[in-house]
>>> print(open('data.cif').read())   # mmCIF, C-alpha atoms; chains and numbers go by the auth columns
data_coords
#
loop_
_atom_site.group_PDB
_atom_site.id
_atom_site.type_symbol
_atom_site.label_atom_id
_atom_site.label_comp_id
_atom_site.label_asym_id
_atom_site.label_seq_id
_atom_site.Cartn_x
_atom_site.Cartn_y
_atom_site.Cartn_z
_atom_site.B_iso_or_equiv
_atom_site.auth_seq_id
_atom_site.auth_asym_id
ATOM 1 C CA MET A 1 0.000 0.000 0.000 0.00 1 O
ATOM 2 C CA GLY A 2 1.290 3.425 -0.840 0.00 2 O
ATOM 3 C CA GLN A 3 -1.507 5.927 -0.263 0.00 3 O
ATOM 4 C CA TYR A 4 -0.908 8.201 2.680 0.00 4 O
ATOM 5 C CA TYR A 5 -3.570 8.716 5.317 0.00 5 O
ATOM 6 C CA ARG A 6 -4.107 11.245 8.062 0.00 6 O
ATOM 7 C CA THR A 7 -6.530 10.975 10.912 0.00 7 O
ATOM 8 C CA LEU A 8 -9.069 13.774 11.190 0.00 8 O
ATOM 9 C CA LYS A 9 -11.026 14.287 14.388 0.00 9 O
ATOM 10 C CA LYS A 10 -13.899 16.643 15.049 0.00 10 O
ATOM 11 C CA GLU A 11 -13.763 17.843 18.648 0.00 11 O
ATOM 12 C CA SER A 12 -16.844 18.637 20.728 0.00 12 O
ATOM 13 C CA ASN A 13 -16.422 22.368 20.027 0.00 13 O
ATOM 14 C CA GLY A 14 -16.516 21.706 16.271 0.00 14 O
ATOM 15 C CA ARG A 15 -12.789 22.276 15.696 0.00 15 O
ATOM 16 C CA LEU A 16 -11.175 19.868 13.220 0.00 16 O
ATOM 17 C CA VAL A 17 -7.843 18.424 14.355 0.00 17 O
ATOM 18 C CA VAL A 18 -5.500 16.629 11.969 0.00 18 O
ATOM 19 C CA TYR A 19 -3.065 14.012 13.241 0.00 19 O
ATOM 20 C CA ASN A 20 -0.032 13.333 11.087 0.00 20 O
ATOM 21 C CA ARG A 21 0.346 9.679 11.962 0.00 21 O
ATOM 22 C CA ASN A 22 -2.057 6.843 11.251 0.00 22 O
ATOM 23 C CA ILE A 23 -3.323 6.363 14.770 0.00 23 O
ATOM 24 C CA ILE A 24 -6.531 6.009 16.646 0.00 24 O
ATOM 25 C CA VAL A 25 -7.527 8.539 19.271 0.00 25 O
ATOM 26 C CA ASP A 26 -10.441 8.699 21.663 0.00 26 O
ATOM 27 C CA GLY A 27 -13.615 10.484 20.685 0.00 27 O
ATOM 28 C CA LYS A 28 -16.104 10.519 17.841 0.00 28 O
ATOM 29 C CA GLU A 29 -16.201 11.762 14.275 0.00 29 O
ATOM 30 C CA GLU A 30 -12.706 10.548 13.484 0.00 30 O
ATOM 31 C CA PHE A 31 -11.703 9.045 10.188 0.00 31 O
ATOM 32 C CA TRP A 32 -8.766 8.327 7.933 0.00 32 O
ATOM 33 C CA MET A 33 -8.466 10.733 5.015 0.00 33 O
ATOM 34 C CA GLY A 34 -6.425 9.452 2.097 0.00 34 O
ATOM 35 C CA ASP A 35 -4.403 11.895 0.056 0.00 35 O
ATOM 36 C CA TYR A 36 -6.475 10.970 -3.030 0.00 36 O
ATOM 37 C CA ALA A 37 -9.865 11.564 -1.381 0.00 37 O
ATOM 38 C CA ASP A 38 -10.339 14.778 -3.371 0.00 38 O
ATOM 39 C CA GLN A 39 -10.273 12.729 -6.596 0.00 39 O
ATOM 40 C CA PHE A 40 -12.778 10.350 -5.026 0.00 40 O
ATOM 41 C CA ALA A 41 -15.051 13.325 -4.268 0.00 41 O
ATOM 42 C CA ASP A 42 -14.710 14.613 -7.857 0.00 42 O
ATOM 43 C CA ASN A 43 -16.340 11.394 -9.086 0.00 43 O
ATOM 44 C CA LEU A 44 -19.031 11.302 -6.397 0.00 44 O
ATOM 45 C CA VAL A 45 -22.601 11.475 -7.697 0.00 45 O
ATOM 46 C CA GLU A 46 -24.490 10.813 -4.448 0.00 46 O
ATOM 47 C CA PRO A 47 -23.405 11.313 -0.828 0.00 47 O
ATOM 48 C CA HIS A 48 -20.964 8.669 0.427 0.00 48 O
ATOM 49 C CA ASN A 49 -22.085 7.333 3.821 0.00 49 O
ATOM 50 C CA GLY A 50 -23.936 10.600 4.406 0.00 50 O
ATOM 51 C CA LEU A 51 -21.186 13.008 3.317 0.00 51 O
ATOM 52 C CA THR A 52 -21.521 15.202 0.267 0.00 52 O
ATOM 53 C CA LYS A 53 -18.829 15.958 -2.276 0.00 53 O
ATOM 54 C CA LYS A 54 -18.442 19.433 -0.760 0.00 54 O
ATOM 55 C CA LYS A 55 -17.929 18.068 2.781 0.00 55 O
ATOM 56 C CA ILE A 56 -15.366 15.475 1.653 0.00 56 O
ATOM 57 C CA LYS A 57 -13.471 18.192 -0.239 0.00 57 O
ATOM 58 C CA HIS A 58 -13.546 20.388 2.878 0.00 58 O
ATOM 59 C CA TYR A 59 -12.135 17.605 5.056 0.00 59 O
ATOM 60 C CA HIS A 60 -9.511 16.773 2.443 0.00 60 O
ATOM 61 C CA THR A 61 -8.401 20.397 2.353 0.00 61 O
ATOM 62 C CA LYS A 62 -8.090 20.399 6.148 0.00 62 O
ATOM 63 C CA CYS A 63 -5.912 17.290 6.037 0.00 63 O
ATOM 64 C CA TRP A 64 -3.777 17.880 2.983 0.00 64 O
ATOM 65 C CA ARG A 65 -3.933 21.375 1.509 0.00 65 O
ATOM 66 C CA GLU A 66 -3.847 23.846 4.375 0.00 66 O
ATOM 67 C CA PRO A 67 -0.543 24.770 6.025 0.00 67 O
ATOM 68 C CA ASP A 68 0.591 21.825 8.113 0.00 68 O
ATOM 69 C CA THR A 69 -0.868 22.374 11.554 0.00 69 O
ATOM 70 C CA SER A 70 -1.195 18.696 12.282 0.00 70 O
ATOM 71 C CA ILE A 71 -0.411 17.330 15.706 0.00 71 O
ATOM 72 C CA ALA A 72 2.622 15.063 15.819 0.00 72 O
ATOM 73 C CA ILE A 73 2.020 11.695 17.444 0.00 73 O
ATOM 74 C CA PRO A 74 4.949 9.444 18.359 0.00 74 O
ATOM 75 C CA THR A 75 5.204 6.051 16.700 0.00 75 O
ATOM 76 C CA THR A 76 3.925 3.311 18.961 0.00 76 O
ATOM 77 C CA GLU A 77 3.604 -0.426 18.892 0.00 77 O
ATOM 78 C CA PHE A 78 -0.068 -0.881 18.190 0.00 78 O
ATOM 79 C CA THR A 79 -1.524 -4.342 18.400 0.00 79 O
ATOM 80 C CA LEU A 80 -5.091 -5.512 18.186 0.00 80 O
ATOM 81 C CA GLU A 81 -4.427 -8.954 19.621 0.00 81 O
ATOM 82 C CA GLY A 82 -7.364 -10.005 21.770 0.00 82 O
ATOM 83 C CA LYS A 83 -9.358 -6.890 20.786 0.00 83 O
ATOM 84 C CA TYR A 84 -12.509 -6.270 18.810 0.00 84 O
ATOM 85 C CA LEU A 85 -13.123 -3.581 16.200 0.00 85 O
ATOM 86 C CA ILE A 86 -16.760 -2.596 16.569 0.00 86 O
ATOM 87 C CA ASN A 87 -18.775 -0.564 14.102 0.00 87 O
ATOM 88 C CA HIS A 88 -21.670 0.893 16.077 0.00 88 O
ATOM 89 C CA THR A 89 -23.258 2.501 13.015 0.00 89 O
ATOM 90 C CA LYS A 90 -23.594 -0.734 11.046 0.00 90 O
ATOM 91 C CA LYS A 91 -23.747 -3.025 14.116 0.00 91 O
ATOM 92 C CA GLU A 92 -20.821 -5.129 12.896 0.00 92 O
ATOM 93 C CA TYR A 93 -17.624 -6.258 14.557 0.00 93 O
ATOM 94 C CA ILE A 94 -14.340 -7.992 13.830 0.00 94 O
ATOM 95 C CA THR A 95 -12.509 -10.354 16.153 0.00 95 O
ATOM 96 C CA CYS A 96 -8.999 -9.006 15.595 0.00 96 O
ATOM 97 C CA SER A 97 -7.181 -12.233 16.468 0.00 97 O
ATOM 98 C CA ASN A 98 -9.206 -14.041 13.792 0.00 98 O
ATOM 99 C CA TYR A 99 -8.493 -11.236 11.329 0.00 99 O
ATOM 100 C CA TYR A 100 -4.761 -11.570 11.955 0.00 100 O
ATOM 101 C CA ASN A 101 -4.821 -15.355 11.519 0.00 101 O
ATOM 102 C CA ASP A 102 -6.680 -15.001 8.195 0.00 102 O
ATOM 103 C CA SER A 103 -4.719 -12.008 6.865 0.00 103 O
ATOM 104 C CA VAL A 104 -1.116 -12.584 7.945 0.00 104 O
ATOM 105 C CA MET A 105 1.339 -12.670 5.050 0.00 105 O
ATOM 106 C CA SER A 106 4.948 -13.839 4.905 0.00 106 O
ATOM 107 C CA GLU A 107 7.300 -12.944 7.753 0.00 107 O
ATOM 108 C CA GLY A 108 4.359 -12.023 9.995 0.00 108 O
ATOM 109 C CA TRP A 109 3.280 -8.964 7.999 0.00 109 O
ATOM 110 C CA CYS A 110 -0.368 -8.063 8.396 0.00 110 O
ATOM 111 C CA LEU A 111 -2.197 -5.025 7.055 0.00 111 O
ATOM 112 C CA HIS A 112 -4.067 -3.139 9.749 0.00 112 O
ATOM 113 C CA PRO A 113 -7.777 -3.481 8.878 0.00 113 O
ATOM 114 C CA LEU A 114 -8.988 -0.120 10.182 0.00 114 O
ATOM 115 C CA PRO A 115 -7.391 2.168 7.566 0.00 115 O
ATOM 116 C CA LEU A 116 -8.708 -0.080 4.816 0.00 116 O
ATOM 117 C CA LEU A 117 -12.218 -0.319 6.241 0.00 117 O
ATOM 118 C CA THR A 118 -12.472 3.444 6.820 0.00 118 O
ATOM 119 C CA CYS A 119 -10.451 4.931 3.967 0.00 119 O
ATOM 120 C CA VAL A 120 -11.744 7.360 1.379 0.00 120 O
ATOM 121 C CA GLY A 121 -9.999 7.513 -1.990 0.00 121 O
ATOM 122 C CA ASN A 122 -8.377 4.086 -2.216 0.00 122 O
ATOM 123 C CA GLY A 123 -7.563 2.911 -5.720 0.00 123 O
ATOM 124 C CA LEU A 124 -6.743 6.333 -7.137 0.00 124 O
ATOM 125 C CA GLY A 125 -2.966 6.169 -6.725 0.00 125 O
ATOM 126 C CA GLY A 126 -0.134 3.894 -7.775 0.00 126 O
ATOM 127 C CA GLY A 127 0.553 2.340 -4.385 0.00 127 O
ATOM 128 C CA ASP A 128 -2.911 1.846 -2.932 0.00 128 O
ATOM 129 C CA TYR A 129 -4.435 -1.417 -1.840 0.00 129 O
ATOM 130 C CA THR A 130 -5.052 -2.741 -5.336 0.00 130 O
ATOM 131 C CA TYR A 131 -2.890 -5.870 -5.601 0.00 131 O
ATOM 132 C CA CYS A 132 -5.024 -7.923 -3.258 0.00 132 O
ATOM 133 C CA THR A 133 -5.022 -11.707 -3.222 0.00 133 O
ATOM 134 C CA ASP A 134 -7.975 -13.715 -4.531 0.00 134 O
ATOM 135 C CA ASP A 135 -9.220 -14.449 -0.998 0.00 135 O
ATOM 136 C CA SER A 136 -9.120 -10.783 0.065 0.00 136 O
ATOM 137 C CA SER A 137 -12.212 -8.756 0.950 0.00 137 O
ATOM 138 C CA SER A 138 -11.516 -5.868 -1.414 0.00 138 O
ATOM 139 C CA ASP A 139 -15.257 -5.105 -1.573 0.00 139 O
ATOM 140 C CA LEU A 140 -15.100 -4.009 2.092 0.00 140 O
ATOM 141 C CA VAL A 141 -12.492 -1.276 1.526 0.00 141 O
ATOM 142 C CA GLY A 142 -14.046 2.012 2.657 0.00 142 O
ATOM 143 C CA MET A 143 -17.289 0.407 3.869 0.00 143 O
ATOM 144 C CA TRP A 144 -16.846 1.755 7.398 0.00 144 O
ATOM 145 C CA ALA A 145 -15.917 5.297 6.345 0.00 145 O
ATOM 146 C CA TRP A 146 -17.640 7.970 8.468 0.00 146 O
ATOM 147 C CA ASP A 147 -19.060 5.370 10.870 0.00 147 O
ATOM 148 C CA GLU A 148 -18.747 5.367 14.674 0.00 148 O
ATOM 149 C CA ILE A 149 -16.098 2.756 15.536 0.00 149 O
ATOM 150 C CA SER A 150 -14.450 1.654 18.750 0.00 150 O
ATOM 151 C CA ILE A 151 -11.778 -0.790 19.838 0.00 151 O
ATOM 152 C CA GLU A 152 -12.949 -2.912 22.740 0.00 152 O
ATOM 153 C CA ASP A 153 -11.689 -5.697 24.986 0.00 153 O
ATOM 154 C CA ASN A 154 -14.984 -7.608 24.684 0.00 154 O
ATOM 155 C CA SER A 155 -17.210 -8.518 21.763 0.00 155 O
ATOM 156 C CA PRO A 156 -20.717 -7.070 21.634 0.00 156 O
ATOM 157 C CA LEU A 157 -23.388 -9.091 23.376 0.00 157 O
ATOM 158 C CA GLU A 158 -25.519 -11.264 21.126 0.00 158 O
ATOM 159 C CA THR A 159 -28.565 -9.420 22.461 0.00 159 O
ATOM 160 C CA ASP A 160 -27.234 -6.208 20.877 0.00 160 O
ATOM 161 C CA ASN A 161 -27.759 -7.693 17.385 0.00 161 O
ATOM 162 C CA TYR A 162 -24.208 -7.060 16.157 0.00 162 O
ATOM 163 C CA ALA A 163 -23.015 -9.306 13.319 0.00 163 O
ATOM 164 C CA GLU A 164 -19.441 -10.535 13.119 0.00 164 O
ATOM 165 C CA ILE A 165 -17.764 -9.974 9.761 0.00 165 O
ATOM 166 C CA PHE A 166 -14.627 -11.717 8.563 0.00 166 O
ATOM 167 C CA PRO A 167 -12.572 -9.434 6.298 0.00 167 O
ATOM 168 C CA ILE A 168 -9.266 -10.577 4.833 0.00 168 O
ATOM 169 C CA PHE A 169 -6.791 -7.975 3.557 0.00 169 O
ATOM 170 C CA LYS A 170 -3.684 -9.427 1.927 0.00 170 O
ATOM 171 C CA GLU A 171 -1.572 -8.209 -0.960 0.00 171 O
ATOM 172 C CA LYS A 172 0.266 -10.184 -3.609 0.00 172 O
ATOM 173 C CA GLY A 173 4.044 -10.261 -3.507 0.00 173 O
ATOM 174 C CA TRP A 174 4.588 -10.708 0.229 0.00 174 O
#
>>> encode(input="data.cif", output="structure tokens")
Amino acid sequence: MGQYYRTLKKESNGRLVVYNRNIIVDGKEEFWMGDYADQFADNLVEPHNGLTKKKIKHYHTKCWREPDTSIAIPTTEFTLEGKYLINHTKKEYITCSNYYNDSVMSEGWCLHPLPLLTCVGNGLGGGDYTYCTDDSSSDLVGMWAWDEISIEDNSPLETDNYAEIFPIFKEKGW
């Protein structure tokens, strides 16, 4: 994968904050904005997960075109082992340990599922997630964009009517 992403968060006071590392922070209205999302918006006919072309362009400008006022975040070891990615908007979840077992490539490499599930603008650049293997879930790329997502220690209760999904993201050549 070669597209660059930045995390954009809308704070409670309405201020948009851009983070210059691909990380997850607490709060709501956060998403990964790919550097090709403006091209994605150019081709948008109807709103994408509730966001209009104009809004996507605005967010893209905040992330990529305005003077760099992003907040630097130190690199960390980020593991999802034993965790669950939960999409509260679509009532879906992923058991991260299962995802890793299904998606690990040679030498232990595994693509983090969250940027792929939440990205906007994938497939518009030369190094994006486009060389996926035949068993990959390429149809799920971007399907969680703009949704409310959390990382939890426990899976949702069956009574909450959440469905487990089983994405696989692997690329050829690993």
>>> resolve_selection(input="data.cif", expression="the PyMOL selection byres ((chain O and resi 106-122) around 7)", output="VMD selection string")
chain O and resid 31 to 34 36 to 37 39 to 40 100 103 to 105 123 to 124 128 to 129 140 to 145 169 to 170 174
>>> resolve_selection(input="data.cif", expression="the PyMOL selection byres ((chain O and resi 148) around 6)", output="PyMOL selection string")
chain O and resi 87-89+147+149
>>> write_last_selection(input="data.cif", atoms="C-alpha atoms", output="PDB file, in the frame of the given file")
ATOM      1  CA  ASN O  87     -18.775  -0.564  14.102  1.00  0.00           C
ATOM      2  CA  HIS O  88     -21.670   0.893  16.077  1.00  0.00           C
ATOM      3  CA  THR O  89     -23.258   2.501  13.015  1.00  0.00           C
ATOM      4  CA  ASP O 147     -19.060   5.370  10.870  1.00  0.00           C
ATOM      5  CA  ILE O 149     -16.098   2.756  15.536  1.00  0.00           C
TER       6      ILE O 149
END
>>> residues_around(input="data.cif", residues="segment 132-134 of chain O", least_positions_apart="5", cutoff="10 Å", atoms="all atoms listed in the file", output="JSON, numbers by chain")
{"O": [1, 168, 169, 170, 171, 172, 173]}
>>> write_last_selection(input="data.cif", atoms="C-alpha atoms", output="mmCIF file, in the frame of the given file")
data_model
loop_
_atom_site.group_PDB
_atom_site.id
_atom_site.type_symbol
_atom_site.label_atom_id
_atom_site.label_comp_id
_atom_site.auth_asym_id
_atom_site.auth_seq_id
_atom_site.Cartn_x
_atom_site.Cartn_y
_atom_site.Cartn_z
ATOM 1 C CA MET O 1 0.000 0.000 0.000
ATOM 2 C CA ILE O 168 -9.266 -10.577 4.833
ATOM 3 C CA PHE O 169 -6.791 -7.975 3.557
ATOM 4 C CA LYS O 170 -3.684 -9.427 1.927
ATOM 5 C CA GLU O 171 -1.572 -8.209 -0.960
ATOM 6 C CA LYS O 172 0.266 -10.184 -3.609
ATOM 7 C CA GLY O 173 4.044 -10.261 -3.507
#
>>> closest_residue(input="data.cif", among="O:Asp42, O:Asp153, O:Glu81, O:Asp160", to="Ser97 of chain O", atoms="all atoms listed in the file")
O:Glu81
>>> atom_distance(input="data.cif", atom1="atom CA of Asp38 of chain O", atom2="atom CA of Lys55 of chain O")
10.3 Å
>>> residues_near_point(input="data.cif", point="(-14.2, -7.8, 15.8)", cutoff="12 Å", atoms="all atoms listed in the file", output="mmCIF file with C-alpha atoms, keeping the file's coordinate frame")
data_model
loop_
_atom_site.group_PDB
_atom_site.id
_atom_site.type_symbol
_atom_site.label_atom_id
_atom_site.label_comp_id
_atom_site.auth_asym_id
_atom_site.auth_seq_id
_atom_site.Cartn_x
_atom_site.Cartn_y
_atom_site.Cartn_z
ATOM 1 C CA LEU O 80 -5.091 -5.512 18.186
ATOM 2 C CA GLU O 81 -4.427 -8.954 19.621
ATOM 3 C CA GLY O 82 -7.364 -10.005 21.770
ATOM 4 C CA LYS O 83 -9.358 -6.890 20.786
ATOM 5 C CA TYR O 84 -12.509 -6.270 18.810
ATOM 6 C CA LEU O 85 -13.123 -3.581 16.200
ATOM 7 C CA ILE O 86 -16.760 -2.596 16.569
ATOM 8 C CA ASN O 87 -18.775 -0.564 14.102
ATOM 9 C CA HIS O 88 -21.670 0.893 16.077
ATOM 10 C CA LYS O 91 -23.747 -3.025 14.116
ATOM 11 C CA GLU O 92 -20.821 -5.129 12.896
ATOM 12 C CA TYR O 93 -17.624 -6.258 14.557
ATOM 13 C CA ILE O 94 -14.340 -7.992 13.830
ATOM 14 C CA THR O 95 -12.509 -10.354 16.153
ATOM 15 C CA CYS O 96 -8.999 -9.006 15.595
ATOM 16 C CA SER O 97 -7.181 -12.233 16.468
ATOM 17 C CA ASN O 98 -9.206 -14.041 13.792
ATOM 18 C CA TYR O 99 -8.493 -11.236 11.329
ATOM 19 C CA TYR O 100 -4.761 -11.570 11.955
ATOM 20 C CA PRO O 113 -7.777 -3.481 8.878
ATOM 21 C CA LEU O 114 -8.988 -0.120 10.182
ATOM 22 C CA ILE O 149 -16.098 2.756 15.536
ATOM 23 C CA SER O 150 -14.450 1.654 18.750
ATOM 24 C CA ILE O 151 -11.778 -0.790 19.838
ATOM 25 C CA GLU O 152 -12.949 -2.912 22.740
ATOM 26 C CA ASP O 153 -11.689 -5.697 24.986
ATOM 27 C CA ASN O 154 -14.984 -7.608 24.684
ATOM 28 C CA SER O 155 -17.210 -8.518 21.763
ATOM 29 C CA PRO O 156 -20.717 -7.070 21.634
ATOM 30 C CA LEU O 157 -23.388 -9.091 23.376
ATOM 31 C CA TYR O 162 -24.208 -7.060 16.157
ATOM 32 C CA ALA O 163 -23.015 -9.306 13.319
ATOM 33 C CA GLU O 164 -19.441 -10.535 13.119
ATOM 34 C CA ILE O 165 -17.764 -9.974 9.761
ATOM 35 C CA PHE O 166 -14.627 -11.717 8.563
ATOM 36 C CA PRO O 167 -12.572 -9.434 6.298
#
>>> atom_distance(input="data.cif", atom1="atom CA of His60 of chain O", atom2="atom CA of Pro47 of chain O")
15.3 Å
>>> atom_distance(input="data.cif", atom1="atom CA of Asp102 of chain O", atom2="atom CA of Ser138 of chain O")
14.1 Å
